[in-house]
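As structure tokens, the structure follows; a few thoughts come after it.
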Amino acid sequence: MTQKRNHIAIWAVIFAAVVLLAVSYYYGAIRGTSDSPSVYSVILYQNTDNEWTTLLEGIRQAEEDFGLKVNYVNMSTGDTAQEQAELIRREIDSGVSGILFAAVDSKALGDALKDDNIQIPLVALETGISGISSSNYFSITGDDYGMGQALGQKILKDMEEQGSQRVVTVIREYMERDSVSQRYEGLVDQLKKAEPPVEIQDLSRKEGDFSLRLYIGTNFQKCGQYIAALDKVSTEEAAAAWQGEASSREQEGKTFRIYGIGNTLQTVTDLDNGLLQGFVYQNEFNMGYEGIQTLVDKEKKGYFTEQVNIKYKLVTQDTLYESDNERLLFPSI
């Protein structure tokens with residue numbers, strides 16, 4: 001009888017151990033997976049400290065709303081496409097569920113990644129990559145061609161009202177990004193429609209040239225009265241160059257009207273102070289938020305949702321403090 005009781009006790013212990021292992025597996029492997037938040041990474045090219053303020057606010061709002069964890073990977077000014085590709089690979093190796101990025105160079109980054117067998121979703125924001133055809137790649141960009149057109153329409157409208165010299169100088173910087181090159185196409189196509197014709201000049205640094213601000217300032221004598229910049233940094237630098245040169249140039253009877261694309265605190269300040277005549281901006285808060293939403297949907301459904309529509313607006317000194325512009329250009333207020 002005692003031996004029988006011992007057998008029963010042993011089997012009871014074994015059964016309890018099996019039950020405990022099953023419960024541990026369920027809560028650890030099954031429940032643990034569903035309860036632990038997904039982890040995503042954000043890797044954006046960097047040119048100025050406040051370049052991505054609005055977009056990052058959209059990402060952080062989505063991070064809070066969806067209960068996620070986001071790694072913010074910093075790039076420095078001057079980092080190359082190869083360096084960005086290495087950062088993307090590093091984050092993939094760390095086990096993240098997806099990556100948001102803005103390409104420092106559309107073609108070069110695409111070339112660097114095209115042979116990688118990437119198994120997690122990559123979502124490009126603002127500037128995408130070329131040469132990648134994969135079910136794991138998606139882009140959320142604005143209508144860059146349309147933004148360029150809108151800039152051209154504003155310049156032509158002011159030109160008609162001013163009745164001045166019909167020459168537009170376009171600052172060609174960061175053309176390796178598809179967003180900037182498409183804006184250039186939209187601007188030039190719009191200007192070419194003008195009657196009487198408009199002369200279009202390109203202003204572009206060569207290797208070894210000065211900083212952009214100094215380069216623009218020393219080349220004002222070559223510029224037409226209307227100057228167009230196609231990205232945030234060029235817009236800021238053009239306004240800063242004009243601020244440094246305005247008093248001396250105006251004494252010579254010369255003045256310049258500068259237009260740009262951007263949404264940084266500096267571009268807003270420059271518009272308010274009259275250094276810019278107007279700029280076009282896109283809803284980057286929505287772009288950042290939708291980027292996270294897209295990654296969440298891909299993880300849940302296994303496929304990307306349809307293309308996101310990112311709106312853009314032209315703002316002038318007269319319209320800067322309209323409610324829609326205040327909401328999008330001053331999101332922290």
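Convention: chains lettered A, B, ... in structure tokens order; per-chain residue numbering from 1; ligands numbered from 1 as shown.
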If you count only C-alpha atoms, which residues fall within 7 Å of Leu125 (chain A), apart from same-chain ones fewer than 4 positions away, as a short mmCIF file (atom, residue, chain, number, x, y, z; two decimals) with N, CA and C atoms, in the first residue's frame?
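Saved to part.cif:
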```
data_model
loop_
_atom_site.label_atom_id
_atom_site.label_comp_id
_atom_site.auth_asym_id
_atom_site.auth_seq_id
_atom_site.Cartn_x
_atom_site.Cartn_y
_atom_site.Cartn_z
N LEU A 100 10.74 53.40 -39.83
CA LEU A 100 10.42 54.61 -40.58
C LEU A 100 11.72 55.31 -40.91
N PHE A 101 11.84 55.85 -42.12
CA PHE A 101 13.06 56.55 -42.48
C PHE A 101 12.79 57.61 -43.55
N ALA A 102 13.67 58.60 -43.61
CA ALA A 102 13.68 59.57 -44.72
C ALA A 102 15.05 59.46 -45.36
N SER A 139 5.95 53.90 -49.13
CA SER A 139 6.36 55.29 -48.97
C SER A 139 5.17 56.18 -48.69
N ILE A 140 5.38 57.14 -47.80
CA ILE A 140 4.37 58.16 -47.50
C ILE A 140 5.02 59.51 -47.80
N THR A 141 4.69 60.05 -48.93
CA THR A 141 5.26 61.33 -49.35
C THR A 141 4.14 62.25 -49.81
N MET A 287 1.97 63.06 -41.60
CA MET A 287 2.90 62.13 -42.24
C MET A 287 3.54 61.21 -41.18
#
```
Item to complete: If you run DSSP over the backbone, which residues in region 198-253 of chain A end up alpha helix (DSSP H)? Put them as number ranges by chain.
Response: A: 212-218, 232-251
Worksheet item: Using only C-alpha atoms, which residues sit within 12 Å of Leu113 (chain A) once same-chain residues fewer than 4 positions away are excluded, as a list in words?
Response: Ala81, Gln82, Glu83, Gln84, Ala85, Glu86, Leu87, Ile88, Arg89, Ala103, Ser106, Lys107, Ala108, Leu109, Asn117, Ile118, Leu122, Ile129, Ser130, Gly131, Ile132, Ser133, Ser134 and Tyr137 of chain A
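Considering only C-alpha atoms, the residue among A:Leu230, A:Val42, A:Asp116, A:Thr294 positioned nearest to Arg177 (chain A) is A:Leu230.
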Worksheet entry | Close residues, Gly78 (chain A) itself excluded, 10 Å, only C-alpha atoms, min 5 positions apart in chain, as a PyMOL selection string | chain A and resi 45-47+83+104
Fill in: Using only C-alpha atoms: which of A:Ser38, A:Ser204, A:Gln190, A:Gln317 has the shortest distance to Gly152 (chain A)
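Distance minimum relative to Gly152 (chain A) lands on A:Gln190.
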Worksheet item: From the list A:Trp242, A:Tyr259, A:Tyr215, A:Trp52, which residue is nearest Lys154 (chain A) when using only C-alpha atoms?
Response: A:Tyr259
Practice prompt. Compile the contact shell of region 162-175 of chain A as number ranges by chain: residues with an atom at most 7 Å away, counting only C-alpha atoms, same-chain residues fewer than 5 positions apart removed.
Written response: A: 180-181, 198-204, 223-229
Residues from last step as file, N, CA and C atoms, as a compact mmCIF listing (two decimals), in the first residue's frame:
```
# COMPACT_ATOMS: atom_id res chain seq x y z
N VAL A 180 12.99 66.54 -53.55
CA VAL A 180 13.50 67.82 -54.02
C VAL A 180 13.52 67.87 -55.55
N SER A 181 13.93 66.79 -56.18
CA SER A 181 13.99 66.78 -57.64
C SER A 181 12.59 66.91 -58.25
N VAL A 198 9.63 83.52 -68.84
CA VAL A 198 10.45 83.77 -67.66
C VAL A 198 11.80 83.09 -67.85
N GLU A 199 12.87 83.81 -67.56
CA GLU A 199 14.19 83.21 -67.60
C GLU A 199 14.43 82.46 -66.28
N ILE A 200 14.89 81.22 -66.38
CA ILE A 200 15.14 80.40 -65.20
C ILE A 200 16.65 80.17 -65.08
N GLN A 201 17.19 80.55 -63.93
CA GLN A 201 18.61 80.35 -63.65
C GLN A 201 18.75 79.31 -62.53
N ASP A 202 19.77 78.49 -62.62
CA ASP A 202 20.08 77.55 -61.54
C ASP A 202 21.29 78.06 -60.76
N LEU A 203 21.20 77.96 -59.44
CA LEU A 203 22.31 78.31 -58.57
C LEU A 203 22.68 77.05 -57.80
N SER A 204 23.87 76.50 -58.08
CA SER A 204 24.24 75.21 -57.50
C SER A 204 25.72 75.20 -57.14
N CYS A 223 21.93 86.68 -59.24
CA CYS A 223 20.56 86.18 -59.10
C CYS A 223 19.55 87.12 -59.73
N GLY A 224 18.45 86.53 -60.16
CA GLY A 224 17.31 87.33 -60.53
C GLY A 224 16.64 87.87 -59.28
N GLN A 225 15.66 88.74 -59.47
CA GLN A 225 15.00 89.35 -58.31
C GLN A 225 14.22 88.31 -57.51
N TYR A 226 13.79 87.22 -58.16
CA TYR A 226 13.01 86.19 -57.51
C TYR A 226 13.90 84.96 -57.30
N ILE A 227 13.95 84.50 -56.07
CA ILE A 227 14.79 83.35 -55.71
C ILE A 227 13.92 82.27 -55.09
N ALA A 228 14.06 81.04 -55.57
CA ALA A 228 13.26 79.91 -55.07
C ALA A 228 14.15 78.85 -54.46
N ALA A 229 13.79 78.39 -53.27
CA ALA A 229 14.48 77.28 -52.60
C ALA A 229 13.50 76.12 -52.48
```
